[in-house]
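run_3.pdb (PDB, C-alpha atoms, pLDDT in the B column) appears below.
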```pdb
ATOM      1  CA  MET A  99      90.589 113.509 104.432  1.00 83.00           C
ATOM      2  CA  ASP A 100      87.937 114.794 102.027  1.00 95.00           C
ATOM      3  CA  LEU A 101      87.556 111.768  99.766  1.00 97.00           C
ATOM      4  CA  LYS A 102      85.184 113.505  97.348  1.00 96.00           C
ATOM      5  CA  LYS A 103      87.741 116.247  96.759  1.00 97.00           C
ATOM      6  CA  GLU A 104      90.546 113.700  96.496  1.00 97.00           C
ATOM      7  CA  ALA A 105      88.561 111.707  93.916  1.00 97.00           C
ATOM      8  CA  GLN A 106      87.904 114.819  91.826  1.00 96.00           C
ATOM      9  CA  ASN A 107      91.605 115.701  91.822  1.00 96.00           C
ATOM     10  CA  LEU A 108      92.714 112.142  91.071  1.00 97.00           C
ATOM     11  CA  LYS A 109      90.417 111.874  88.043  1.00 96.00           C
ATOM     12  CA  LYS A 110      92.680 114.405  86.312  1.00 96.00           C
ATOM     13  CA  ALA A 111      95.628 111.975  86.467  1.00 96.00           C
ATOM     14  CA  LYS A 112      96.753 110.527  83.153  1.00 95.00           C
ATOM     15  CA  GLY A 113      98.074 107.010  82.761  1.00 97.00           C
ATOM     16  CA  ASN A 114      97.193 103.412  83.472  1.00 98.00           C
ATOM     17  CA  VAL A 115      98.188 100.610  85.812  1.00 97.00           C
ATOM     18  CA  ARG A 116      97.871  96.856  85.393  1.00 96.00           C
ATOM     19  CA  GLY A 117      94.899  95.312  87.138  1.00 96.00           C
ATOM     20  CA  GLU A 118      97.323  93.406  89.312  1.00 93.00           C
ATOM     21  CA  GLY A 119      98.264  96.648  91.059  1.00 92.00           C
ATOM     22  CA  ILE A 120      94.673  96.965  92.190  1.00 95.00           C
ATOM     23  CA  LEU A 121      94.086  93.296  92.972  1.00 95.00           C
ATOM     24  CA  THR A 122      97.109  92.703  95.219  1.00 94.00           C
ATOM     25  CA  ASP A 123      95.916  95.433  97.614  1.00 96.00           C
ATOM     26  CA  VAL A 124      92.397  93.990  97.515  1.00 97.00           C
ATOM     27  CA  GLU A 125      93.862  90.645  98.606  1.00 96.00           C
ATOM     28  CA  TYR A 126      95.620  92.339 101.511  1.00 97.00           C
ATOM     29  CA  VAL A 127      92.345  93.943 102.611  1.00 98.00           C
ATOM     30  CA  ARG A 128      90.667  90.534 102.329  1.00 97.00           C
ATOM     31  CA  LEU A 129      93.403  89.055 104.523  1.00 96.00           C
ATOM     32  CA  LYS A 130      93.068  91.771 107.178  1.00 97.00           C
ATOM     33  CA  LYS A 131      89.378  92.711 106.999  1.00 98.00           C
ATOM     34  CA  GLY A 132      87.685  89.789 105.264  1.00 98.00           C
ATOM     35  CA  GLU A 133      85.246  89.845 102.363  1.00 98.00           C
ATOM     36  CA  LYS A 134      83.145  92.444 104.151  1.00 98.00           C
ATOM     37  CA  GLY A 135      86.108  94.823 104.138  1.00 98.00           C
ATOM     38  CA  VAL A 136      86.604  94.339 100.396  1.00 98.00           C
ATOM     39  CA  MET A 137      82.923  95.051  99.792  1.00 98.00           C
ATOM     40  CA  LEU A 138      83.138  98.242 101.858  1.00 98.00           C
ATOM     41  CA  VAL A 139      86.061  99.487  99.747  1.00 98.00           C
ATOM     42  CA  GLU A 140      84.252  98.703  96.501  1.00 98.00           C
ATOM     43  CA  LYS A 141      81.039 100.388  97.692  1.00 98.00           C
ATOM     44  CA  LYS A 142      82.875 103.535  98.786  1.00 98.00           C
ATOM     45  CA  MET A 143      84.760 103.779  95.505  1.00 97.00           C
ATOM     46  CA  ASN A 144      81.496 103.542  93.569  1.00 97.00           C
ATOM     47  CA  GLU A 145      80.017 106.301  95.740  1.00 97.00           C
ATOM     48  CA  LEU A 146      83.011 108.449  94.756  1.00 97.00           C
ATOM     49  CA  GLY A 147      82.371 108.001  91.034  1.00 94.00           C
ATOM     50  CA  CYS A 148      84.669 105.054  90.358  1.00 95.00           C
ATOM     51  CA  SER A 149      82.515 102.344  88.773  1.00 91.00           C
ATOM     52  CA  ILE A 150      84.623  99.392  89.804  1.00 95.00           C
ATOM     53  CA  LYS A 151      83.929  95.730  90.504  1.00 97.00           C
ATOM     54  CA  PHE A 152      86.993  94.017  91.919  1.00 97.00           C
ATOM     55  CA  SER A 153      85.731  90.617  90.752  1.00 97.00           C
ATOM     56  CA  GLU A 154      85.851  91.847  87.150  1.00 97.00           C
ATOM     57  CA  ILE A 155      89.369  93.304  87.270  1.00 97.00           C
ATOM     58  CA  LYS A 156      91.799  91.286  85.152  1.00 97.00           C
ATOM     59  CA  SER A 157      95.394  91.088  86.304  1.00 93.00           C
ATOM     60  CA  MET A 158      97.097  91.943  83.003  1.00 93.00           C
ATOM     61  CA  GLU A 159      94.647  94.518  81.640  1.00 97.00           C
ATOM     62  CA  TRP A 160      95.143  98.281  81.922  1.00 97.00           C
ATOM     63  CA  TYR A 161      92.992 100.448  84.206  1.00 97.00           C
ATOM     64  CA  PRO A 162      93.086 104.182  85.037  1.00 97.00           C
ATOM     65  CA  VAL A 163      95.827 104.830  87.573  1.00 97.00           C
ATOM     66  CA  TRP A 164      93.540 107.096  89.577  1.00 97.00           C
ATOM     67  CA  TRP A 165      91.466 104.013  90.481  1.00 97.00           C
ATOM     68  CA  ASP A 166      94.556 102.499  92.083  1.00 97.00           C
ATOM     69  CA  VAL A 167      95.427 105.603  94.105  1.00 98.00           C
ATOM     70  CA  LEU A 168      91.834 106.288  95.147  1.00 98.00           C
ATOM     71  CA  LYS A 169      91.548 102.689  96.360  1.00 98.00           C
ATOM     72  CA  ILE A 170      94.468 103.293  98.734  1.00 98.00           C
ATOM     73  CA  LEU A 171      92.941 106.506 100.104  1.00 98.00           C
ATOM     74  CA  VAL A 172      89.584 104.774 100.584  1.00 98.00           C
ATOM     75  CA  ILE A 173      91.287 101.920 102.454  1.00 98.00           C
ATOM     76  CA  MET A 174      93.049 104.416 104.733  1.00 98.00           C
ATOM     77  CA  ASP A 175      89.827 106.279 105.413  1.00 98.00           C
ATOM     78  CA  LEU A 176      87.567 103.264 106.010  1.00 98.00           C
ATOM     79  CA  PHE A 177      89.913 101.374 108.311  1.00 98.00           C
ATOM     80  CA  SER A 178      91.775 104.325 109.886  1.00 98.00           C
ATOM     81  CA  TRP A 179      95.039 102.996 108.497  1.00 98.00           C
ATOM     82  CA  ASN A 180      98.146 105.163 108.685  1.00 98.00           C
ATOM     83  CA  GLU A 181     101.330 105.319 106.602  1.00 97.00           C
ATOM     84  CA  LYS A 182     102.813 102.316 108.401  1.00 97.00           C
ATOM     85  CA  ASP A 183      99.764 100.210 107.491  1.00 98.00           C
ATOM     86  CA  ILE A 184      99.991 101.303 103.850  1.00 98.00           C
ATOM     87  CA  PHE A 185     103.734 100.544 103.830  1.00 98.00           C
ATOM     88  CA  GLU A 186     102.939  97.023 105.084  1.00 97.00           C
ATOM     89  CA  MET A 187     100.239  96.575 102.438  1.00 97.00           C
ATOM     90  CA  ALA A 188     102.655  97.640  99.684  1.00 96.00           C
ATOM     91  CA  ASN A 189     105.370  95.400 101.115  1.00 95.00           C
ATOM     92  CA  PHE A 190     102.944  92.454 100.997  1.00 93.00           C
ATOM     93  CA  SER A 191     101.946  93.050  97.373  1.00 88.00           C
ATOM     94  CA  PRO A 192     104.991  91.497  95.607  1.00 83.00           C
ATOM     95  CA  LYS A 193     104.537  88.296  97.592  1.00 83.00           C
ATOM     96  CA  ILE A 194     101.372  87.477  95.634  1.00 80.00           C
ATOM     97  CA  SER A 195     102.154  89.290  92.391  1.00 75.00           C
ATOM     98  CA  PHE A 196     102.085  87.251  89.191  1.00 66.00           C
ATOM     99  CA  LEU A 197     104.445  89.740  87.519  1.00 64.00           C
ATOM    100  CA  VAL A 198     106.923  89.464  90.378  1.00 66.00           C
ATOM    101  CA  LYS A 199     106.795  85.663  90.263  1.00 63.00           C
ATOM    102  CA  VAL A 200     107.688  85.790  86.574  1.00 62.00           C
ATOM    103  CA  LEU A 201     110.456  88.301  87.240  1.00 65.00           C
ATOM    104  CA  VAL A 202     111.897  86.340  90.179  1.00 62.00           C
ATOM    105  CA  LYS A 203     112.855  83.580  87.746  1.00 61.00           C
ATOM    106  CA  TYR A 204     115.376  86.004  86.260  1.00 61.00           C
ATOM    107  CA  PHE A 205     116.786  87.273  89.565  1.00 61.00           C
ATOM    108  CA  ILE A 206     120.206  85.740  88.927  1.00 65.00           C
ATOM    109  CA  THR A 207     122.246  88.429  90.663  1.00 77.00           C
ATOM    110  CA  ILE A 208     121.437  91.594  92.596  1.00 82.00           C
ATOM    111  CA  LYS A 209     123.119  93.690  89.922  1.00 87.00           C
ATOM    112  CA  LYS A 210     121.186  92.055  87.079  1.00 84.00           C
ATOM    113  CA  SER A 211     117.919  92.604  88.947  1.00 83.00           C
ATOM    114  CA  PHE A 212     118.863  96.257  89.474  1.00 88.00           C
ATOM    115  CA  GLU A 213     119.654  96.745  85.790  1.00 88.00           C
ATOM    116  CA  GLN A 214     116.388  95.121  84.673  1.00 85.00           C
ATOM    117  CA  SER A 215     114.150  97.124  87.010  1.00 88.00           C
ATOM    118  CA  PRO A 216     113.197  99.875  84.477  1.00 92.00           C
ATOM    119  CA  LYS A 217     111.749  97.183  82.176  1.00 88.00           C
ATOM    120  CA  TYR A 218     109.811  95.825  85.134  1.00 86.00           C
ATOM    121  CA  TRP A 219     108.278  99.285  85.718  1.00 92.00           C
ATOM    122  CA  ARG A 220     106.896  99.199  82.175  1.00 92.00           C
ATOM    123  CA  GLN A 221     105.108  95.955  83.011  1.00 89.00           C
ATOM    124  CA  HIS A 222     103.133  97.828  85.700  1.00 92.00           C
ATOM    125  CA  PHE A 223     102.619 101.351  84.330  1.00 96.00           C
ATOM    126  CA  ASP A 224     102.210 102.861  80.869  1.00 97.00           C
ATOM    127  CA  PHE A 225     103.648 106.184  82.037  1.00 97.00           C
ATOM    128  CA  GLY A 226     106.398 107.478  84.296  1.00 97.00           C
ATOM    129  CA  GLU A 227     109.863 106.041  84.551  1.00 97.00           C
ATOM    130  CA  LEU A 228     111.966 104.054  86.989  1.00 97.00           C
ATOM    131  CA  GLU A 229     115.652 104.875  86.688  1.00 98.00           C
ATOM    132  CA  ALA A 230     118.191 102.418  88.067  1.00 96.00           C
ATOM    133  CA  TYR A 231     120.486 105.246  89.090  1.00 98.00           C
ATOM    134  CA  GLU A 232     123.303 103.803  91.213  1.00 97.00           C
ATOM    135  CA  PHE A 233     124.464 100.375  92.329  1.00 97.00           C
ATOM    136  CA  SER A 234     127.386  99.457  94.594  1.00 96.00           C
ATOM    137  CA  GLU A 235     127.835  95.929  95.849  1.00 92.00           C
ATOM    138  CA  LYS A 236     130.854  97.126  97.827  1.00 95.00           C
ATOM    139  CA  GLU A 237     128.822  99.797  99.647  1.00 96.00           C
ATOM    140  CA  LYS A 238     125.778  97.498  99.719  1.00 96.00           C
ATOM    141  CA  LYS A 239     123.579 100.158  98.237  1.00 97.00           C
ATOM    142  CA  MET A 240     121.288 100.759  95.290  1.00 97.00           C
ATOM    143  CA  VAL A 241     119.478 103.929  94.290  1.00 98.00           C
ATOM    144  CA  PHE A 242     116.293 104.192  92.245  1.00 98.00           C
ATOM    145  CA  ARG A 243     114.591 107.279  90.888  1.00 98.00           C
ATOM    146  CA  VAL A 244     110.915 107.497  90.003  1.00 98.00           C
ATOM    147  CA  LYS A 245     110.248 110.196  87.423  1.00 98.00           C
ATOM    148  CA  ASN A 246     107.035 111.699  86.057  1.00 97.00           C
ATOM    149  CA  TYR A 247     104.800 110.042  88.649  1.00 96.00           C
ATOM    150  CA  ASN A 248     103.261 112.891  90.659  1.00 94.00           C
ATOM    151  CA  ILE A 249      99.729 111.770  91.434  1.00 96.00           C
ATOM    152  CA  HIS A 250      99.471 111.750  95.242  1.00 97.00           C
ATOM    153  CA  PRO A 251     101.903 111.795  98.230  1.00 97.00           C
ATOM    154  CA  VAL A 252     100.564 108.458  99.514  1.00 98.00           C
ATOM    155  CA  MET A 253     102.406 106.792  96.636  1.00 98.00           C
ATOM    156  CA  CYS A 254     105.754 107.710  98.232  1.00 98.00           C
ATOM    157  CA  THR A 255     104.924 105.224 100.997  1.00 98.00           C
ATOM    158  CA  VAL A 256     103.557 102.674  98.539  1.00 97.00           C
ATOM    159  CA  PHE A 257     106.704 102.718  96.406  1.00 97.00           C
ATOM    160  CA  ALA A 258     108.936 102.451  99.494  1.00 98.00           C
ATOM    161  CA  GLY A 259     107.105  99.371 100.766  1.00 97.00           C
ATOM    162  CA  TYR A 260     107.020  97.749  97.335  1.00 94.00           C
ATOM    163  CA  PHE A 261     110.659  98.433  96.437  1.00 94.00           C
ATOM    164  CA  LEU A 262     111.806  97.167  99.822  1.00 95.00           C
ATOM    165  CA  ARG A 263     110.066  93.811  99.281  1.00 91.00           C
ATOM    166  CA  ILE A 264     111.624  93.411  95.836  1.00 88.00           C
ATOM    167  CA  ALA A 265     115.022  94.131  97.385  1.00 90.00           C
ATOM    168  CA  GLN A 266     114.305  91.614 100.140  1.00 88.00           C
ATOM    169  CA  PHE A 267     113.728  89.000  97.433  1.00 84.00           C
ATOM    170  CA  VAL A 268     117.089  89.582  95.746  1.00 84.00           C
ATOM    171  CA  VAL A 269     119.453  90.684  98.529  1.00 88.00           C
ATOM    172  CA  LYS A 270     120.780  87.845 100.654  1.00 81.00           C
ATOM    173  CA  SER A 271     120.591  89.729 103.932  1.00 86.00           C
ATOM    174  CA  LYS A 272     118.277  89.742 106.926  1.00 88.00           C
ATOM    175  CA  LYS A 273     118.621  93.514 107.250  1.00 96.00           C
ATOM    176  CA  VAL A 274     117.517  95.578 104.261  1.00 96.00           C
ATOM    177  CA  ASP A 275     116.372  99.190 104.665  1.00 97.00           C
ATOM    178  CA  ILE A 276     114.887 101.820 102.375  1.00 98.00           C
ATOM    179  CA  GLU A 277     114.741 105.595 102.576  1.00 98.00           C
ATOM    180  CA  GLU A 278     113.136 108.150 100.290  1.00 98.00           C
ATOM    181  CA  THR A 279     115.864 110.794  99.994  1.00 98.00           C
ATOM    182  CA  LYS A 280     114.235 113.028  97.373  1.00 98.00           C
ATOM    183  CA  CYS A 281     110.572 113.738  96.750  1.00 98.00           C
ATOM    184  CA  VAL A 282     108.578 115.836  94.307  1.00 97.00           C
ATOM    185  CA  TYR A 283     106.388 116.955  97.208  1.00 97.00           C
ATOM    186  CA  LYS A 284     109.493 118.478  98.799  1.00 96.00           C
ATOM    187  CA  LYS A 285     110.298 120.418  95.629  1.00 96.00           C
ATOM    188  CA  ASP A 286     112.654 117.842  94.102  1.00 97.00           C
ATOM    189  CA  SER A 287     112.171 116.954  90.440  1.00 97.00           C
ATOM    190  CA  TYR A 288     111.829 113.191  91.120  1.00 98.00           C
ATOM    191  CA  HIS A 289     111.450 110.634  93.907  1.00 98.00           C
ATOM    192  CA  GLU A 290     114.666 108.926  94.991  1.00 98.00           C
ATOM    193  CA  TYR A 291     114.860 105.733  97.040  1.00 98.00           C
ATOM    194  CA  VAL A 292     118.080 104.463  98.606  1.00 98.00           C
ATOM    195  CA  ILE A 293     118.169 100.797  99.568  1.00 98.00           C
ATOM    196  CA  ARG A 294     120.957  99.577 101.871  1.00 97.00           C
ATOM    197  CA  TRP A 295     121.728  96.166 103.309  1.00 97.00           C
ATOM    198  CA  GLU A 296     124.214  94.564 105.675  1.00 93.00           C
TER     199      GLU A 296
END
```
I need this file expressed as structure tokens, please.
Amino acid sequence: MDLKKEAQNLKKAKGNVRGEGILTDVEYVRLKKGEKGVMLVEKKMNELGCSIKFSEIKSMEWYPVWWDVLKILVIMDLFSWNEKDIFEMANFSPKISFLVKVLVKYFITIKKSFEQSPKYWRQHFDFGELEAYEFSEKEKKMVFRVKNYNIHPVMCTVFAGYFLRIAQFVVKSKKVDIEETKCVYKKDSYHEYVIRWE
């Protein structure tokens, strides 16, 4: 991976993410690689033209979304992490998320959580859209579509890991699976995620 080239391309991305989106991944790196690992990520990002200090990031403030995506690519590069590792990092994120903790208070039913998910997206991003497309309690299935978020393919894995954890919070089942069935990088017009449970 040519991180310099990736950084140049990512800088063109429009939109912002809450600081929490950056910080939850930093906490995962701290858990797996210690403070030294966090410092390595920060140093590399600064070398790539992203003037960031993780200690100064505030959870509820807005930051350029390209910082968030570049951070993931830097983590992959520094620690030789693959898609499975990134999926696990994204799946961990909701466990320590302030926004998720607030939202969990309103997780009365699976269906209600499904219906409220587009509002939840707006708490994290000031662009793009999450569509709660289909829900069937009988078929034990829900379908989400992510629209107008086409920054980097690594985010397909990130969204899958994150959405699965949210589903694991609300679905009373030990077996919950997720699959990306449509993808803008496969010439579809949006990303589609199907969550099923037993």
Quiz prompt | Target residues per the PyMOL selection byres ((chain A and resi 226) around 10), formatted as a ChimeraX atom specification | solution = /A:113,219-220,223-225,227-229,244-248
Exercise. Go through A:Ile264, A:Val282, A:Ile173, A:Ala188 one by one, measure the shortest atom-to-atom distance of each to A:Met99 using only C-alpha atoms, and give the residue with the smallest value.
Key: A:Ile173
Quiz item: Using only C-alpha atoms, what residues lie at most 12 Å away from (90.6, 105.2, 102.5) (file coordinates), given as an MDAnalysis selection string?
Solution: chainID A and resid 99:102 104:105 127 135:136 138:143 146 166:181 183:184 252
Self-check item: Given the PyMOL selection byres ((chain A and resi 190-195) around 12), the residues it picks as a PyMOL selection string
Solution: chain A and resi 116-127+129-130+157-158+183-189+196-202+221-222+256-267
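If you look at atom CA of A:Ile276 and atom CA of A:Gln214, they are 19.0 Å away from each other.
You will find atom CA of A:Phe242 at 10.5 Å from atom CA of A:Glu277.
Pairwise distance (atom CA of A:Gly132, atom CA of A:Ile249) equals 28.6 Å.
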Near A:Ala111, counting only C-alpha atoms, which residues have an atom at most 8 Å away, once you skip same-chain residues fewer than 3 positions from it, shown as a PDB file with C-alpha atoms, in the frame of the given file?
```pdb
ATOM      1  CA  ASN A 107      91.605 115.701  91.822  1.00 96.00           C
ATOM      2  CA  LEU A 108      92.714 112.142  91.071  1.00 97.00           C
ATOM      3  CA  VAL A 163      95.827 104.830  87.573  1.00 97.00           C
ATOM      4  CA  TRP A 164      93.540 107.096  89.577  1.00 97.00           C
ATOM      5  CA  ILE A 249      99.729 111.770  91.434  1.00 96.00           C
TER       6      ILE A 249
END
```
